[in-house]
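Have a look at the structure below, then the notes.
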Amino acid sequence: MAPPFSFPSNLKDLEEEDSDEAECLRAVSPVQISALRPSQIEDLVKGMTFDLSDRDIFCVEEQDIFDKIYSLVRDFTKLPPALKFNLVDTLRSNLSVLLPSVDSLSRAAESSSPGLYEDGTNVADRVASHRNSLKIYSFFLLSVVLAEESSAKTVTASSSKLGTNRKKNTGYAWNWEAQRSKILNLIANSLEINLSLLFGPGEIDDNYLSFISKCTFTLYENQTLLKDEETRKSLGRIISTISTKLGRTDQICASVLHLIHKFDYTVAHLAEAVSVGEKKYGDGSLGVALIREIGRVDPKDYSRDTTGAENVGRFLIDLASHSPKLVSTNIGILVPHFGGDSYKIRNSLVGVLGKLVAKAFNDLDGDVSNKSLRLRGKQAMLDVLLERFRDVSAYTRSRVMQVWGELCEGSAILIGLWNEVASLAAGRLEDKSAIVRKSALGLLISMLQHNPFGPQLRIAAFETTLEKYKEKLQSLDPNPVEREEREEEEEEELGVVEQQESLTDSCQVDQVDRTGTQEESTVPDMGGLEQIRALVASLEAGLRFSKQINSVMPTLMQLLASPNASDVEYTILLLMRCRQFQIDGSDECLKKMLPLVFSQDKSIYEAVENAFITIYIRKNPVETAKNLINLAIESTIGDLAALESLVSSLVFRGEISSNTISALWDFFSFNINGFGVVQSRGALSILCMAAWSSPQILTNHLTEIIDIGFGRWAKQEPLLARTACVALERLSKEDKEKLRSSNNVRVFGNLQNLITGFFLPDKIWYNAADKAISTVYCTHPEPELFASESVKKSFGALFPDGELENEGSDLVGLFAKLPVLKLGRFLFVVSHVALNHLVYVESCVRKIQKQKGKKEKETATSDNVNEVGSINAELGLTVSADAAIDSLAEKAEKEIISESQVKKYLIGLCAPFLSKLCRNLNLLQKYPPLQRSAMLALCRLMIIDSDFCEANLQLLFTVAKTAQNETVRSNCTLAIGDLAVRFPNLLEPWTEFIYARLRDASLSVRKNAVLVISHLILNDMMKVKGYINEMATCIEDEDERISSLAKLFFHELSKKGSNPIYNLLPDILGQLCNQNLPEESFCNIMQFLIGSIKKDKQMDSLVEKLCNRFSGVNDVKQWEYIAYCLSQLTVTEKGLKKLIESFKSYEHVLSENSVLNHFKSMIAKCKKFAKAEVKACIEEFEEKISKIHEERKEQEITARNAKLHQQRVGTLEGFLVKKKGTKENIRTNNEDENGEVLDPPVQESSDTETENLNEQDESLSEESCVSKTKSSELEEDDDEEEMEVQSTRMSSRRGMSKAKSKKAKGSALKDSVIESSVSRLKTRSSRRS
């Protein structure tokens, strides 16, 4: 009988002799494989495999064979692939033969005599041989696996360093993966046999199981190995068998937890392995042990070990997915971790609850009590998930909404909770975290997609259908009180079961609900009373859900303006889903997304474009044309610009087909019945947008544009003539050239009639004339002549005698003769022609310069020309040519408004008249429309000529300030911005008055002022001067739009350079402190401005700057404001150091409670993220400022009491001096020359008065003593000084009650009291400091 085999700690320990285990099987004579030749190694392997194959399977116990196998396994990596295969295949085959023979041991023992088999072999010896062989084969096979995996990992690492172009190593060309999976599968099979036959009941060798489990967990650490499914399953079987069947749960549990914390890629595979034990053996002890161990961990440990917490969370979620019932019975162990600090654990628990709700309660078998218990458990988990909507961590709030979305998709939400979940999700749309808002939007999208109420969620349709079913329910059950009581009793009896039944009922009546929503005129016959009740309940829930979604539309409109791209993208998706289900208000919200097409974020642009194509374009051509026309008609100016960008882009890419373009022309030409002139104008607008990228669209339809655009239809539709002018501007270059060459009388005649005629009303004419003049300068071959004729014609219609100059001297008489409306039109034409002529001159100059540059490039190829060009450059001829062009351009601009003595141009003649007209403010106030036209014309002429601008600047600012019409003030504000761009030097002295427009009473004026100043500053056209506080005040404007524009301005300003707000903040603070702003408004403004400063370095510098401002301020209110600003800063360690170093500058302000509270708030903020050593310094600083605060308070009380005492002593002295003088006069009158008393009663009366005065004096002195005593109680060390003061005051009282000779002494004592008090205060101050 061979000695027993004992598992060593490692393979090479078999060569060592162990005195304690002398009887164990060891490697006595191992062979040195490295010393053998290849042929000898081959002979050795063949001989060994022959012995193992030819002899019985127990020959492995023989010392000679054991030594050979050990030698080959020890140097397994050095063997050739063929020999490796032979060795592994032989060992594996023998073990596979050995396993079935274990069961035969018991059968052979039962059929033979006790202790012996039929062949006479001893039972104990046979069992020992089986046990020994099993150990040896398992040991060598697992050793081969570990050696080969270790070698393969080394080769892989070296090959990755050398590069991928290295030739494949032929030494590892054999299919090791297949052999490995077979070996591990065989080891798993060996553990599943009845090992108690070999080891005895409950006596399985711990070393044997420990070795196998150790090898298994070592293999789990190899990420590449886990990718093989067969290998992974075999490892899982090994773990589950050892832990459950063989009772080694504790050891396996510890090893699994170690792997979970250390290797994140093992988490999913370990969860799968743990679930194998429950499914195969019906024993979930390993899973329960793991859950308990995880539950026992202190939550604080998970907050410190974030990686381990994440891995544990993933494991729990995977385990709940594989074994939901196992986790559901032990979930109570994990619930306390919801109160921990680790949001990752809370996230995972939320995911676990989601998995359990979706999977653990689907089994409806069993009695009513079991179903009720399961449903109660499910309801409890849903309640926990509802609570997590308010979790402190944004990640957890986001995760819980993702879980609810998954439950929505799996139809696992009870209909009773549907509206509650929707309400909570709607509330999270205003969450401060972007990821939470994204998840909330995603949840609402999922709830709409999987709602149980039907494909149409219109509120009106639901209300109508619900009312009809309620009437039918009332007719079937006329006593609603008894019905409600009966329902309440049923709810108490059934509990949660009723909720599950309500879900089933809602699903059953869903189709009927949809039918009832679509066919509102009929009420389907639902049959019984209970079905009607269920349907009414479902309709009520659907109505609430529809109203809930409708109520979030204002929030969705705000999210469309969010700077976060995910907010915008998911909001658009939700609005598209709302439109699909016909939610009220969704179409209006979708139109608000059009301006987002100008976003610089590519993802937002793509989201808007995809939504636009899905909603409006992907239909048949006529429907697409209708959608685009309706958009054009209902859009604002901003929306039209966005629509133009989208349409031109889609036409360029071919998304809008030619059939759609043809349908638009049909709408424009009235070829489709049922559509009027408004739709015709909308169709032409879309065609103009399409012509921006494809002008050929308009080529063959010029006649239609002229006939319809300038015909009788133009009088009915205000914007049709203007749109026709836009179409003429969008003609292709070839069409414009044809138009210029032919000098089309019909086209330009219509334009001139439009400009000079009076057949259009004012509200239509101004828009049309504006675009008509622009069109003339764009398409006419000689626009200056055409414009001149138009101005002359308009002038002649207004002044038939051409007496503008004479009439200009008497404006009152002029207004008596001229129609005011015609004068307004004339001024509009003159000013708009002048402005367009300026643009035309500049375009001509650019064209000349472009031609000059092109000519220079063409002639630069010749060497001779190059020499001539170099000579011209040296002589300055090139520069003189450019100067000549600039001179001509300047002269042409000057001639627009010229008052030359040689020539008098028409616009030049109108300019003085216009200026004089605008200066007569009292007259213009009687004609508001004329004032608007006149000021607008004046501003246009000022833009053209700098001299004219300078002469009328004061008039412009006066009108902008004093005009009664807010439209005039608003137009002047916009004109000031244009002038600041064209003549910045002229407008620079008027900067203060530009900012003054921000204080205007009109909302429109303030809004335009904010826009103008924002444009000028952000485009570096105006410097940020000391009036920027006016802009900051607009942050708290009563109008929300103005407030938003001001915030947007400062947000964009913070992006420029190194954030100018950092430099402006101290000045803004100082100026706002001097304004009478409400404290709340001041705090909101400064909080917003400080929030735009992100750099720590700037924050630290602001700490020092704000601290220094304390020293130059004496106002308590300003102290509070500065301290508040300090409390809003995010201070780093450097900033805290500067705060402490600047202590002397703000020490005197700490006496105020409000200031101290702001400092404490700042310190508390620093404590949150400070290190331990820094936190100690912060606490010391906090104690210091608290101590200073108390001392300053004491000093103030003492100084106040001393001042009060001084005032009382001074008052008493004056009173006594006055009485003393009166008494002396009485005595003088009543004494004779010998000094005798003439009138004793008078003397007695005087003495009585003196006594009364003394009593008053004593009472005053007692009050002073009381107040002084109170003061002395605050400082115990000054008791002696207080006694001295009191004694001195008592002596002064006695002196003042006596003869006049003692008056000087009393006064001296009084002075000594004051000096003593002052010196005492100085002593206390010095002592405290």
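Residue numbering restarts at 1 for every chain of the structure tokens, chains are lettered A, B, ... in their displayed order, and ligands are numbered from 1 as they appear.
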
* For Leu760 in chain A, list every protein, DNA or RNA residue within 9 Å, evaluated using only C-alpha atoms, and leave out those in the same chain fewer than 4 positions away; present the list as a PyMOL selection string. => chain A and resi 714-715+718+754+764-765

* 7 Å contact set for range 460-464 of chain A, only C-alpha atoms, chain neighbours under 3 positions out, as a PyMOL selection string -> chain A and resi 467-468+517+539+543

* To do: Would you please extract all alpha helix (DSSP H) residues from range 1044-1219 of chain A, as assigned by DSSP on the backbone, and give them as a PyMOL selection string?
  => chain A and resi 1044-1053+1060-1073+1079-1091+1096-1110+1116-1128+1133-1141+1143-1146+1153-1168+1172-1219

* **Test item: residues at most 7 Å from range 981-992 of chain A, only C-alpha atoms, excluding those fewer than 2 positions along its chain, as an MDAnalysis selection string** => chainID A and resid 943 950 977:979 994:996 1021 1027

Atoms kept (all heavy atoms) for selection, written as an mmCIF file, in the first residue's frame:
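Writing the result to again15.cif gives the following:
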data_model
loop_
_atom_site.group_PDB
_atom_site.id
_atom_site.type_symbol
_atom_site.label_atom_id
_atom_site.label_comp_id
_atom_site.auth_asym_id
_atom_site.auth_seq_id
_atom_site.Cartn_x
_atom_site.Cartn_y
_atom_site.Cartn_z
ATOM 1 N N ILE A 943 -25.962 108.789 -38.852
ATOM 2 C CA ILE A 943 -25.063 107.661 -39.099
ATOM 3 C C ILE A 943 -24.209 107.897 -40.339
ATOM 4 O O ILE A 943 -23.071 107.440 -40.439
ATOM 5 C CB ILE A 943 -25.888 106.359 -39.234
ATOM 6 C CG1 ILE A 943 -26.466 105.971 -37.876
ATOM 7 C CG2 ILE A 943 -25.049 105.218 -39.796
ATOM 8 C CD1 ILE A 943 -27.383 104.783 -37.922
ATOM 9 N N GLU A 950 -22.330 114.989 -34.925
ATOM 10 C CA GLU A 950 -21.831 115.772 -33.789
ATOM 11 C C GLU A 950 -22.748 116.950 -33.482
ATOM 12 O O GLU A 950 -22.957 117.301 -32.316
ATOM 13 C CB GLU A 950 -20.420 116.256 -34.089
ATOM 14 C CG GLU A 950 -19.742 116.929 -32.917
ATOM 15 C CD GLU A 950 -18.300 117.284 -33.230
ATOM 16 O OE1 GLU A 950 -17.882 117.123 -34.404
ATOM 17 O OE2 GLU A 950 -17.585 117.715 -32.307
ATOM 18 N N GLY A 977 -26.740 103.072 -30.199
ATOM 19 C CA GLY A 977 -25.828 101.927 -30.355
ATOM 20 C C GLY A 977 -25.191 101.894 -31.728
ATOM 21 O O GLY A 977 -23.986 101.630 -31.858
ATOM 22 N N ASP A 978 -25.961 102.161 -32.777
ATOM 23 C CA ASP A 978 -25.405 102.194 -34.129
ATOM 24 C C ASP A 978 -24.380 103.316 -34.281
ATOM 25 O O ASP A 978 -23.333 103.139 -34.927
ATOM 26 C CB ASP A 978 -26.526 102.363 -35.152
ATOM 27 C CG ASP A 978 -27.473 101.169 -35.168
ATOM 28 O OD1 ASP A 978 -27.019 100.066 -34.788
ATOM 29 O OD2 ASP A 978 -28.641 101.339 -35.535
ATOM 30 N N LEU A 979 -24.670 104.457 -33.701
ATOM 31 C CA LEU A 979 -23.723 105.579 -33.777
ATOM 32 C C LEU A 979 -22.439 105.271 -33.026
ATOM 33 O O LEU A 979 -21.347 105.674 -33.454
ATOM 34 C CB LEU A 979 -24.377 106.846 -33.208
ATOM 35 C CG LEU A 979 -25.527 107.439 -34.029
ATOM 36 C CD1 LEU A 979 -26.192 108.568 -33.258
ATOM 37 C CD2 LEU A 979 -25.021 107.957 -35.378
ATOM 38 N N ILE A 994 -25.487 107.032 -22.092
ATOM 39 C CA ILE A 994 -25.897 105.750 -22.683
ATOM 40 C C ILE A 994 -26.340 104.793 -21.578
ATOM 41 O O ILE A 994 -27.386 104.134 -21.684
ATOM 42 C CB ILE A 994 -24.736 105.147 -23.506
ATOM 43 C CG1 ILE A 994 -24.375 106.067 -24.681
ATOM 44 C CG2 ILE A 994 -25.114 103.766 -24.017
ATOM 45 C CD1 ILE A 994 -23.183 105.588 -25.488
ATOM 46 N N TYR A 995 -25.548 104.737 -20.496
ATOM 47 C CA TYR A 995 -25.923 103.873 -19.372
ATOM 48 C C TYR A 995 -27.194 104.358 -18.688
ATOM 49 O O TYR A 995 -27.925 103.560 -18.087
ATOM 50 C CB TYR A 995 -24.785 103.811 -18.346
ATOM 51 C CG TYR A 995 -23.692 102.846 -18.697
ATOM 52 C CD1 TYR A 995 -22.514 103.272 -19.289
ATOM 53 C CD2 TYR A 995 -23.829 101.489 -18.429
ATOM 54 C CE1 TYR A 995 -21.500 102.390 -19.608
ATOM 55 C CE2 TYR A 995 -22.818 100.586 -18.739
ATOM 56 C CZ TYR A 995 -21.657 101.048 -19.332
ATOM 57 O OH TYR A 995 -20.658 100.152 -19.639
ATOM 58 N N ALA A 996 -27.466 105.663 -18.773
ATOM 59 C CA ALA A 996 -28.650 106.202 -18.111
ATOM 60 C C ALA A 996 -29.942 105.637 -18.692
ATOM 61 O O ALA A 996 -30.985 105.643 -18.021
ATOM 62 C CB ALA A 996 -28.648 107.727 -18.215
ATOM 63 N N MET A 1021 -16.515 97.418 -28.676
ATOM 64 C CA MET A 1021 -16.788 98.711 -29.290
ATOM 65 C C MET A 1021 -16.959 99.819 -28.247
ATOM 66 O O MET A 1021 -17.025 100.985 -28.599
ATOM 67 C CB MET A 1021 -18.058 98.626 -30.146
ATOM 68 C CG MET A 1021 -17.934 97.655 -31.297
ATOM 69 S SD MET A 1021 -19.495 97.423 -32.153
ATOM 70 C CE MET A 1021 -19.053 96.118 -33.312
ATOM 71 N N TYR A 1027 -19.619 102.892 -15.014
ATOM 72 C CA TYR A 1027 -21.073 102.868 -14.899
ATOM 73 C C TYR A 1027 -21.641 101.469 -15.060
ATOM 74 O O TYR A 1027 -22.849 101.310 -15.246
ATOM 75 C CB TYR A 1027 -21.688 103.796 -15.957
ATOM 76 C CG TYR A 1027 -21.062 105.168 -15.997
ATOM 77 C CD1 TYR A 1027 -20.163 105.512 -17.009
ATOM 78 C CD2 TYR A 1027 -21.342 106.109 -15.025
ATOM 79 C CE1 TYR A 1027 -19.575 106.759 -17.056
ATOM 80 C CE2 TYR A 1027 -20.752 107.370 -15.064
ATOM 81 C CZ TYR A 1027 -19.874 107.691 -16.077
ATOM 82 O OH TYR A 1027 -19.294 108.927 -16.109
#

* How many Å lie between CA of Asp587 in chain A and CA of Asn673 in chain A, rounded to one decimal? -> 25.9 Å

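The residue that comes closest to Phe1088 in chain A, out of A:Leu225, A:Cys1125, A:Ala289, A:Val608 and on the basis of only C-alpha atoms, is A:Cys1125.
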
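Between Ser774 in chain A and the candidates A:Val833, A:Asp735, A:Ile1140, A:Asn700, the tightest atom-to-atom separation, counting only C-alpha atoms, involves A:Val833.
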
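Take CA of Leu739 in chain A and CA of His780 in chain A: the distance between them is 7.6 Å.
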
Need to verify the contact set: Arg579 in chain A, 10 Å, only C-alpha atoms, exclusion of same-chain residues closer than 6 positions in sequence. Can you return it as a JSON list (two decimals) with N, CA and C atoms, in the first residue's frame?
[["chain", "number", "residue", "atom", "x", "y", "z"],
["A", 456, "GLN", "N", -53.79, 58.67, -27.61],
["A", 456, "GLN", "CA", -54.12, 60.09, -27.65],
["A", 456, "GLN", "C", -54.43, 60.55, -26.23],
["A", 457, "LEU", "N", -53.70, 61.57, -25.80],
["A", 457, "LEU", "CA", -53.83, 62.05, -24.42],
["A", 457, "LEU", "C", -54.31, 63.50, -24.38],
["A", 573, "LEU", "N", -36.63, 65.62, -27.50],
["A", 573, "LEU", "CA", -37.18, 64.27, -27.65],
["A", 573, "LEU", "C", -38.50, 64.13, -26.90],
["A", 585, "GLY", "N", -50.34, 71.85, -25.95],
["A", 585, "GLY", "CA", -49.24, 72.78, -25.77],
["A", 585, "GLY", "C", -47.91, 72.31, -26.31],
["A", 586, "SER", "N", -47.84, 71.07, -26.81],
["A", 586, "SER", "CA", -46.56, 70.56, -27.30],
["A", 586, "SER", "C", -46.14, 71.23, -28.60],
["A", 587, "ASP", "N", -47.10, 71.53, -29.48],
["A", 587, "ASP", "CA", -46.77, 72.18, -30.75],
["A", 587, "ASP", "C", -46.17, 73.56, -30.53],
["A", 588, "GLU", "N", -46.74, 74.32, -29.60],
["A", 588, "GLU", "CA", -46.21, 75.65, -29.32],
["A", 588, "GLU", "C", -44.80, 75.58, -28.76],
["A", 589, "CYS", "N", -44.55, 74.60, -27.91],
["A", 589, "CYS", "CA", -43.20, 74.46, -27.34],
["A", 589, "CYS", "C", -42.19, 74.05, -28.41],
["A", 590, "LEU", "N", -42.62, 73.20, -29.34],
["A", 590, "LEU", "CA", -41.70, 72.77, -30.38],
["A", 590, "LEU", "C", -41.27, 73.93, -31.28],
["A", 615, "ILE", "N", -40.86, 66.11, -37.87],
["A", 615, "ILE", "CA", -42.19, 66.68, -37.64],
["A", 615, "ILE", "C", -42.78, 67.29, -38.90]]

* Asked: Could you name the residues that touch Ser645 in chain A at 9 Å or less, counting only C-alpha atoms, but leaving out those on the same chain fewer than 6 positions away, as a PyMOL selection string?
  -> chain A and resi 597-598+689+692

Using the selection just defined, write its residues with C-alpha atoms as a short mmCIF file (atom, residue, chain, number, x, y, z; two decimals), in the first residue's frame.
data_model
loop_
_atom_site.label_atom_id
_atom_site.label_comp_id
_atom_site.auth_asym_id
_atom_site.auth_seq_id
_atom_site.Cartn_x
_atom_site.Cartn_y
_atom_site.Cartn_z
CA VAL A 597 -30.50 76.03 -34.87
CA PHE A 598 -27.98 78.85 -34.37
CA MET A 689 -35.70 80.89 -47.91
CA TRP A 692 -30.93 81.45 -50.40
#

* Please provide the set of residues having any atom within 10 Å of Leu650 in chain A, restricted to only C-alpha atoms, with same-chain residues fewer than 4 positions apart removed, written as a list of chain:residue names. => A:Glu609, A:Ile613, A:Ile617, A:Glu644, A:Ser645, A:Leu646, A:Gly654, A:Glu655, A:Ile656, A:Ser657, A:Ala690, A:Ser693

* Structure fact -> Of A:Leu798, A:Met1162, A:Val276, A:Ala889, the one sitting nearest Leu818 in chain A when using only C-alpha atoms is A:Leu798

* Structure fact -> Of A:Glu966, A:Arg1041, A:Tyr570, A:Thr329, the one nearest to Ala611 in chain A when counting only C-alpha atoms is A:Tyr570

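What separates CA of Arg969 in chain A from CA of Lys926 in chain A is a distance of 15.9 Å.
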